[in-house]
>>> print(open('input.cif').read())   # mmCIF, C-alpha atoms
data_entry
#
loop_
_atom_site.label_atom_id
_atom_site.label_comp_id
_atom_site.auth_asym_id
_atom_site.auth_seq_id
_atom_site.Cartn_x
_atom_site.Cartn_y
_atom_site.Cartn_z
CA MET T 36 0.00 0.00 0.00
CA SER T 37 1.53 3.27 -1.10
CA PRO T 38 0.34 6.75 -0.06
CA GLU T 39 0.13 7.91 -3.69
CA PRO T 40 0.01 11.72 -3.74
CA SER T 41 -1.70 11.68 -7.15
CA ARG T 42 -4.78 10.22 -5.47
CA VAL T 43 -4.88 13.14 -3.03
CA TYR T 44 -4.61 15.56 -5.92
CA LEU T 45 -7.36 13.72 -7.81
CA ALA T 46 -9.72 13.60 -4.84
CA ASN T 47 -9.58 17.34 -4.44
CA ALA T 48 -9.77 17.93 -8.19
CA TYR T 49 -12.91 15.79 -8.34
CA GLU T 50 -14.43 17.75 -5.47
CA ILE T 51 -13.74 21.06 -7.23
CA LEU T 52 -15.38 19.61 -10.35
CA GLY T 53 -18.45 18.56 -8.36
CA GLU T 54 -17.67 14.85 -8.64
CA ASP T 55 -17.30 12.15 -5.99
CA PRO T 56 -13.83 12.50 -4.42
CA GLN T 57 -13.97 8.87 -3.26
CA ARG T 58 -13.34 7.85 -6.87
CA ALA T 59 -9.69 8.75 -6.35
CA LEU T 60 -9.37 6.13 -3.61
CA ASP T 61 -10.69 3.26 -5.71
CA GLU T 62 -7.98 0.60 -5.86
CA GLU T 63 -8.88 -0.19 -9.47
CA LEU T 64 -8.23 3.39 -10.56
CA ASN T 65 -4.97 4.12 -12.37
CA PRO T 66 -4.11 7.50 -10.81
CA ALA T 67 -1.53 8.50 -13.41
CA ARG T 68 -3.98 7.84 -16.23
CA ALA T 69 -6.77 9.65 -14.36
CA VAL T 70 -4.59 12.73 -13.83
CA PHE T 71 -3.64 12.72 -17.53
CA SER T 72 -7.31 12.51 -18.53
CA LEU T 73 -8.06 15.76 -16.68
CA GLY T 74 -6.40 17.57 -19.57
CA GLU T 75 -9.16 16.31 -21.87
CA ASN T 76 -11.92 17.51 -19.53
CA VAL T 77 -13.28 20.94 -20.54
CA SER T 78 -14.54 21.64 -17.03
CA ALA T 79 -11.14 20.77 -15.56
CA GLN T 80 -9.45 23.07 -18.06
CA ASN T 81 -11.60 25.93 -16.78
CA LYS T 82 -11.60 25.21 -13.05
CA LEU T 83 -8.13 23.78 -12.42
CA ARG T 84 -4.63 25.11 -13.06
CA LEU T 85 -3.54 22.07 -15.02
CA GLU T 86 -0.13 23.57 -15.66
CA ASP T 87 0.55 23.12 -11.92
CA VAL T 88 -0.35 19.42 -11.78
CA GLU T 89 3.17 17.98 -11.63
CA PHE T 90 4.40 20.56 -9.13
CA GLU T 91 1.39 20.15 -6.84
CA ILE T 92 1.58 16.35 -6.83
CA LYS T 93 5.26 16.47 -5.90
CA LEU T 94 4.51 19.08 -3.25
CA ILE T 95 1.84 16.78 -1.78
CA ALA T 96 4.33 13.88 -1.84
CA PHE T 97 6.87 15.97 0.04
CA TRP T 98 4.29 16.98 2.66
CA ILE T 99 3.18 13.35 3.11
CA MET T 100 6.73 12.19 3.83
CA ASN T 101 7.22 14.91 6.44
CA ARG T 102 3.85 14.17 8.01
CA LEU T 103 4.55 10.43 8.16
CA ASP T 104 7.85 11.10 9.95
CA GLU T 105 6.15 13.46 12.40
CA ASP T 106 3.24 11.12 13.18
CA TYR T 107 4.77 7.65 12.77
CA GLY T 108 8.52 8.02 12.69
CA ALA T 109 10.97 6.67 10.12
CA ALA T 110 13.85 4.29 10.75
CA ILE T 111 17.49 4.64 9.74
CA CYS T 112 19.66 1.83 8.41
CA SER T 113 23.44 1.63 8.74
CA PRO T 114 25.68 0.36 5.90
CA ALA T 115 25.91 -2.89 7.92
CA GLY T 116 22.13 -3.24 8.03
CA ASN T 117 21.49 -2.13 11.63
CA LEU T 118 18.14 -0.39 12.20
CA LEU T 119 17.30 2.41 14.64
CA ARG T 120 14.45 4.87 15.06
CA ALA T 121 15.29 8.11 13.21
CA SER T 122 15.70 11.21 15.38
CA HIS T 123 13.67 14.22 14.36
CA PRO T 124 16.61 16.58 13.51
CA ILE T 125 17.62 14.23 10.68
CA PHE T 126 14.48 15.41 8.86
CA PHE T 127 14.97 19.06 9.69
CA HIS T 128 13.86 21.33 6.85
CA PRO T 129 13.81 25.15 7.02
CA ASP T 130 10.25 25.23 5.63
CA GLN T 131 9.09 22.72 8.28
CA PHE T 132 6.32 21.10 6.27
CA PHE T 133 5.21 19.06 9.28
CA TYR T 134 4.14 22.35 10.92
CA PHE T 135 0.85 22.63 9.02
CA TYR T 136 -1.89 20.51 7.48
CA LEU T 137 -2.79 20.74 3.81
CA SER T 138 -5.96 22.40 2.62
CA PHE T 139 -7.12 22.83 -0.94
CA PRO T 140 -6.69 24.62 -3.27
CA LEU T 141 -3.02 24.60 -2.30
CA ARG T 142 -2.42 28.02 -3.82
CA GLN T 143 -4.72 29.57 -1.24
CA MET T 144 -2.70 28.30 1.72
CA PRO T 145 -0.73 31.14 3.37
CA GLU T 146 1.93 28.62 4.45
CA LEU T 147 2.64 27.85 0.78
CA SER T 148 2.44 31.39 -0.61
CA THR T 149 6.24 31.82 -0.77
CA ILE T 150 6.64 28.37 -2.34
CA PHE T 151 4.24 29.26 -5.16
CA GLU T 152 5.76 32.72 -5.61
CA GLU T 153 9.15 31.09 -6.17
CA TYR T 154 7.60 28.47 -8.46
CA ASP T 155 5.78 31.09 -10.56
CA ALA T 156 9.00 33.10 -10.86
CA LYS T 157 10.73 29.91 -12.06
CA ARG T 158 13.15 30.05 -9.15
CA MET T 159 11.88 26.78 -7.67
CA ARG T 160 11.19 23.36 -9.11
CA ALA T 161 9.50 20.48 -7.34
CA ASP T 162 12.83 18.73 -6.70
CA ASP T 163 14.13 21.79 -4.87
CA LEU T 164 11.82 20.98 -1.96
CA TRP T 165 13.77 17.76 -1.34
CA ASN T 166 17.13 19.46 -1.83
CA ARG T 167 16.36 21.88 1.02
CA TYR T 168 16.54 19.15 3.66
CA SER T 169 19.29 20.18 6.05
CA CYS T 170 20.82 16.71 6.59
CA LEU T 171 19.11 14.42 4.10
CA ASP T 172 19.73 13.68 0.43
CA GLY T 173 16.26 13.86 -1.07
CA ASP T 174 17.14 11.55 -3.96
CA THR T 175 18.75 8.69 -2.06
CA GLY T 176 17.67 9.08 1.59
CA LEU T 177 21.34 9.33 2.63
CA ILE T 178 22.01 11.22 5.86
CA LYS T 179 24.76 13.74 5.15
CA GLN T 180 26.10 17.13 6.17
CA LYS T 181 25.27 19.67 3.48
CA ASN T 182 26.32 23.24 2.72
CA GLN T 183 23.26 24.68 4.47
CA THR T 184 23.39 22.35 7.50
CA GLU T 185 25.39 24.61 9.81
CA ARG T 186 23.42 27.74 8.91
CA ASN T 187 20.05 26.05 9.42
CA PHE T 188 20.96 24.49 12.75
CA GLU T 189 22.47 27.76 13.99
CA ASN T 190 19.28 29.64 13.05
CA TYR T 191 16.71 27.18 14.39
CA PHE T 192 18.53 25.49 17.28
CA CYS T 193 20.29 28.58 18.64
CA GLY T 194 23.92 27.88 17.84
CA THR T 195 24.31 24.16 18.28
CA MET T 196 27.10 23.18 15.92
CA ASP T 197 30.73 22.30 16.71
CA GLY T 198 31.42 25.28 18.97
CA ASN T 199 28.79 24.27 21.52
CA PRO T 200 30.44 22.75 24.66
CA ASP T 201 27.75 20.06 25.08
CA GLY T 202 27.99 18.96 21.45
CA GLY T 203 24.75 20.49 20.24
CA VAL T 204 21.76 19.05 18.42
CA PHE T 205 23.63 18.22 15.21
CA GLU T 206 26.55 16.51 16.94
CA ARG T 207 24.32 14.54 19.33
CA TYR T 208 21.43 13.52 17.08
CA VAL T 209 22.66 13.63 13.48
CA LYS T 210 26.45 13.37 13.19
CA PRO T 211 26.68 9.79 14.57
CA PHE T 212 24.44 8.65 11.72
CA LEU T 213 26.08 10.32 8.73
CA GLY T 214 26.26 7.73 5.96
CA TRP T 215 23.13 5.91 7.16
CA TYR T 216 19.90 5.79 5.11
CA VAL T 217 16.31 6.62 5.99
CA VAL T 218 13.96 3.64 5.53
CA TRP T 219 10.25 3.02 6.06
CA GLY T 220 8.33 0.04 7.37
CA GLU T 221 4.86 -0.17 5.86
CA ASP T 222 3.67 -2.25 8.81
CA LEU T 223 3.62 1.01 10.80
CA PHE T 224 0.82 2.48 8.74
CA PRO T 225 -2.93 1.85 8.42
CA GLU T 226 -3.55 -0.90 5.89
CA ASP T 227 -5.89 1.07 3.60
CA LEU T 228 -5.50 4.38 1.82
CA PHE T 229 -8.47 6.05 3.45
CA GLY T 230 -7.19 5.06 6.90
CA LEU T 231 -3.73 6.43 6.13
CA PHE T 232 -5.00 9.71 4.69
CA GLU T 233 -7.41 10.10 7.58
CA SER T 234 -4.70 9.46 10.18
CA ILE T 235 -2.51 12.28 8.84
CA GLN T 236 -5.53 14.55 8.31
CA LEU T 237 -5.46 14.52 4.52
CA VAL T 238 -9.12 13.54 4.23
CA ASN T 239 -11.34 16.51 3.50
CA ARG T 240 -14.19 16.80 6.02
CA HIS T 241 -16.71 16.30 3.19
CA TRP T 242 -15.28 12.94 2.11
CA LYS T 243 -16.52 11.04 5.14
CA ASN T 244 -20.15 11.30 4.09
CA THR T 245 -19.55 10.64 0.41
CA GLY T 246 -20.15 7.09 -0.78
CA GLU T 247 -18.81 3.97 0.85
CA ARG T 248 -15.22 3.17 1.75
CA SER T 249 -15.01 0.42 -0.82
CA GLN T 250 -11.25 0.54 -0.69
CA VAL T 251 -11.12 -0.60 2.96
CA SER T 252 -10.33 -4.27 3.19
CA LYS T 253 -12.48 -6.36 5.51
CA GLY T 254 -10.77 -7.03 8.78
CA SER T 255 -8.06 -4.44 8.17
CA LYS T 256 -6.57 -2.94 11.32
CA LYS T 257 -6.40 0.80 11.76
CA ARG T 258 -3.39 2.22 13.51
CA GLY T 259 -3.57 5.69 14.90
CA ALA T 260 -0.76 8.16 14.47
CA LYS T 261 1.95 8.06 17.12
CA PRO T 262 3.13 11.46 18.30
CA SER T 263 6.85 12.18 18.10
CA PRO T 264 8.94 11.82 21.29
CA ALA T 265 9.32 15.60 21.55
CA LYS T 266 5.57 16.09 21.22
CA ARG T 267 4.85 13.47 23.87
CA GLU T 268 7.36 15.07 26.24
CA PHE T 269 5.86 18.52 25.65
CA GLU T 270 2.38 17.25 26.42
CA ARG T 271 3.65 15.44 29.52
CA ARG T 272 5.34 18.54 30.89
CA TYR T 273 2.69 21.03 29.78
CA PRO T 274 -0.68 19.25 29.57
CA GLY T 275 -2.47 22.58 29.65
CA GLY T 276 -0.48 24.04 26.79
CA ILE T 277 2.05 26.89 26.85
CA PRO T 278 1.93 28.71 30.20
CA SER T 279 1.44 32.47 30.01
CA GLU T 280 4.81 33.10 31.66
CA LEU T 281 6.77 31.06 29.09
CA SER T 282 7.39 31.41 25.38
CA ALA T 283 7.38 28.63 22.83
CA GLU T 284 11.10 29.25 22.25
CA ALA T 285 11.87 28.85 25.96
CA ILE T 286 10.00 25.54 26.09
CA ALA T 287 11.77 24.37 22.92
CA ALA T 288 15.15 25.17 24.49
CA GLU T 289 14.15 23.25 27.64
CA LEU T 290 13.07 20.17 25.69
CA THR T 291 16.11 20.29 23.42
CA GLU T 292 18.40 20.41 26.45
CA ALA T 293 16.55 17.40 27.89
CA GLY T 294 17.24 15.35 24.76
CA PHE T 295 14.05 16.09 22.78
CA PRO T 296 15.15 18.41 19.95
CA ILE T 297 12.31 20.65 18.79
CA THR T 298 11.77 24.22 17.59
CA GLY T 299 9.50 26.86 19.05
CA ARG T 300 7.58 26.87 15.80
CA SER T 301 6.71 23.21 16.31
CA ILE T 302 5.49 23.92 19.85
CA LEU T 303 3.19 26.61 18.49
CA SER T 304 1.90 24.25 15.81
CA TYR T 305 0.72 21.73 18.42
CA GLU T 306 -1.46 24.35 20.03
CA LYS T 307 -2.61 25.83 16.73
CA ASN T 308 -3.82 22.47 15.48
CA GLY T 309 -5.45 21.48 18.77
CA ARG T 310 -3.15 18.52 19.36
CA VAL T 311 -2.27 19.33 22.96
CA SER T 312 -4.32 17.58 25.67
CA LYS T 313 -6.36 20.03 27.67
#
>>> encode(input="input.cif", output="structure tokens")
Amino acid sequence: MSPEPSRVYLANAYEILGEDPQRALDEELNPARAVFSLGENVSAQNKLRLEDVEFEIKLIAFWIMNRLDEDYGAAICSPAGNLLRASHPIFFHPDQFFYFYLSFPLRQMPELSTIFEEYDAKRMRADDLWNRYSCLDGDTGLIKQKNQTERNFENYFCGTMDGNPDGGVFERYVKPFLGWYVVWGEDLFPEDLFGLFESIQLVNRHWKNTGERSQVSKGSKKRGAKPSPAKREFERRYPGGIPSELSAEAIAAELTEAGFPITGRSILSYEKNGRVSK
């Protein structure tokens, strides 16, 4: 079972066209062929920006990977075949796509306004999203130190590279695993597409009452999303949310020092999206 981003694009395209979005989740549907056929649909030509199709599908794919890491957690594999749970800083990206949930049309999302401005100006291609990972090769999944690594970690983790006496976030959570690869175990995820999309909040609120979930296999188990270690620790320490006397940055520094690397922006996102226990 693969979380095909083209199906997400199709579901929302169908909804814009006044059609049943559940069609996109039909296992018998060929999503690539269905996306191609939109170009022959007069209504789609008028209501959709078909010139953006490839970029938007790749953008959705990038968001899904970041969301899966945030909610389920990836593993890392050494050259010798040893497996460990991936630490969050390995996936650090200056645009922090795990910080928000997708809504459609994508062009109307304020969180993506700069992305589309760069795309329209032809200064950004879809592959550039993957290249902006601070410590991860987007093509191969190799964990590596890149040109922007030091700058990004200095900016977001308050000066935690080689000069830090305690080793810093990079040295403690990323450097020991340079040369390892990020891997995924599909047994972590819900066994059907609808369950997966629902668990990472990709299912539009209107989909639930549209048609039957024919794509759900009988007897399939649903696995809920597992919060990241930093999120769990935040909720344990601050079950009522951010106290009035503290800032998100102060809490992030406290958690990072305790071995749970996180940014203040992530702390704010938990409250914004109502994911903190009250």
>>> atom_distance(input="input.cif", atom1="atom CA of Asp172 of chain T", atom2="atom CA of Ile125 of chain T")
10.5 Å
>>> atom_distance(input="input.cif", atom1="atom CA of Val204 of chain T", atom2="atom CA of Ile111 of chain T")
17.4 Å
>>> resolve_selection(input="input.cif", expression="the PyMOL selection byres ((chain T and resi 218) around 6)", output="MDAnalysis selection string")
chainID T and resid 110:111 217 219
>>> atom_distance(input="input.cif", atom1="atom CA of Glu91 of chain T", atom2="atom CA of Glu152 of chain T")
13.4 Å
>>> residues_around(input="input.cif", residues="Leu52 of chain T", least_positions_apart="5", cutoff="9 Å", atoms="only C-alpha atoms", output="list in words")
Asn47, Ser78, Ala79, Lys82 and Leu83 of chain T
>>> closest_residue(input="input.cif", among="T:Tyr154, T:Tyr44, T:Tyr273, T:Tyr49", to="Ser138 of chain T", atoms="only C-alpha atoms")
T:Tyr44
>>> closest_residue(input="input.cif", among="T:Leu290, T:Leu281, T:Leu85, T:Leu137", to="Phe232 of chain T", atoms="only C-alpha atoms")
T:Leu137
>>> closest_residue(input="input.cif", among="T:Ile178, T:Ile95, T:Ala283, T:Leu237", to="Lys210 of chain T", atoms="only C-alpha atoms")
T:Ile178
>>> closest_residue(input="input.cif", among="T:Gln131, T:Leu45, T:Glu289, T:Phe90", to="Lys157 of chain T", atoms="all atoms listed in the file")
T:Phe90
>>> residues_around(input="input.cif", residues="Ala287 of chain T", least_positions_apart="3", cutoff="12 Å", atoms="all atoms listed in the file", output="PDB file with C-alpha atoms, in the coordinates of the input")
ATOM      1  CA  TYR T 191      16.710  27.180  14.390  1.00  0.00           C
ATOM      2  CA  PHE T 192      18.530  25.490  17.280  1.00  0.00           C
ATOM      3  CA  CYS T 193      20.290  28.580  18.640  1.00  0.00           C
ATOM      4  CA  ALA T 265       9.320  15.600  21.550  1.00  0.00           C
ATOM      5  CA  LYS T 266       5.570  16.090  21.220  1.00  0.00           C
ATOM      6  CA  GLU T 268       7.360  15.070  26.240  1.00  0.00           C
ATOM      7  CA  PHE T 269       5.860  18.520  25.650  1.00  0.00           C
ATOM      8  CA  ARG T 272       5.340  18.540  30.890  1.00  0.00           C
ATOM      9  CA  TYR T 273       2.690  21.030  29.780  1.00  0.00           C
ATOM     10  CA  ILE T 277       2.050  26.890  26.850  1.00  0.00           C
ATOM     11  CA  LEU T 281       6.770  31.060  29.090  1.00  0.00           C
ATOM     12  CA  SER T 282       7.390  31.410  25.380  1.00  0.00           C
ATOM     13  CA  ALA T 283       7.380  28.630  22.830  1.00  0.00           C
ATOM     14  CA  GLU T 284      11.100  29.250  22.250  1.00  0.00           C
ATOM     15  CA  LEU T 290      13.070  20.170  25.690  1.00  0.00           C
ATOM     16  CA  THR T 291      16.110  20.290  23.420  1.00  0.00           C
ATOM     17  CA  GLU T 292      18.400  20.410  26.450  1.00  0.00           C
ATOM     18  CA  ALA T 293      16.550  17.400  27.890  1.00  0.00           C
ATOM     19  CA  GLY T 294      17.240  15.350  24.760  1.00  0.00           C
ATOM     20  CA  PHE T 295      14.050  16.090  22.780  1.00  0.00           C
ATOM     21  CA  PRO T 296      15.150  18.410  19.950  1.00  0.00           C
ATOM     22  CA  ILE T 297      12.310  20.650  18.790  1.00  0.00           C
ATOM     23  CA  THR T 298      11.770  24.220  17.590  1.00  0.00           C
ATOM     24  CA  GLY T 299       9.500  26.860  19.050  1.00  0.00           C
ATOM     25  CA  ARG T 300       7.580  26.870  15.800  1.00  0.00           C
ATOM     26  CA  SER T 301       6.710  23.210  16.310  1.00  0.00           C
ATOM     27  CA  ILE T 302       5.490  23.920  19.850  1.00  0.00           C
ATOM     28  CA  LEU T 303       3.190  26.610  18.490  1.00  0.00           C
TER      29      LEU T 303
END
>>> resolve_selection(input="input.cif", expression="the PyMOL selection byres ((chain T and resi 114) around 8)", output="ChimeraX atom specification")
/T:112-113,115-117,214-216
>>> closest_residue(input="input.cif", among="T:Asn187, T:Arg42, T:Gly176, T:Trp165", to="Ala109 of chain T", atoms="all atoms listed in the file")
T:Gly176
>>> resolve_selection(input="input.cif", expression="the PyMOL selection byres ((chain T and resi 97) around 10)", output="count of residues only")
19
>>> residues_around(input="input.cif", residues="Asp130 of chain T", least_positions_apart="5", cutoff="10 Å", atoms="only C-alpha atoms", output="list in words")
Glu146, Leu147, Ile150, Leu164, Arg167 and Tyr168 of chain T
>>> closest_residue(input="input.cif", among="T:Tyr134, T:Phe139, T:Ser304, T:Leu231", to="Gly276 of chain T", atoms="all atoms listed in the file")
T:Ser304
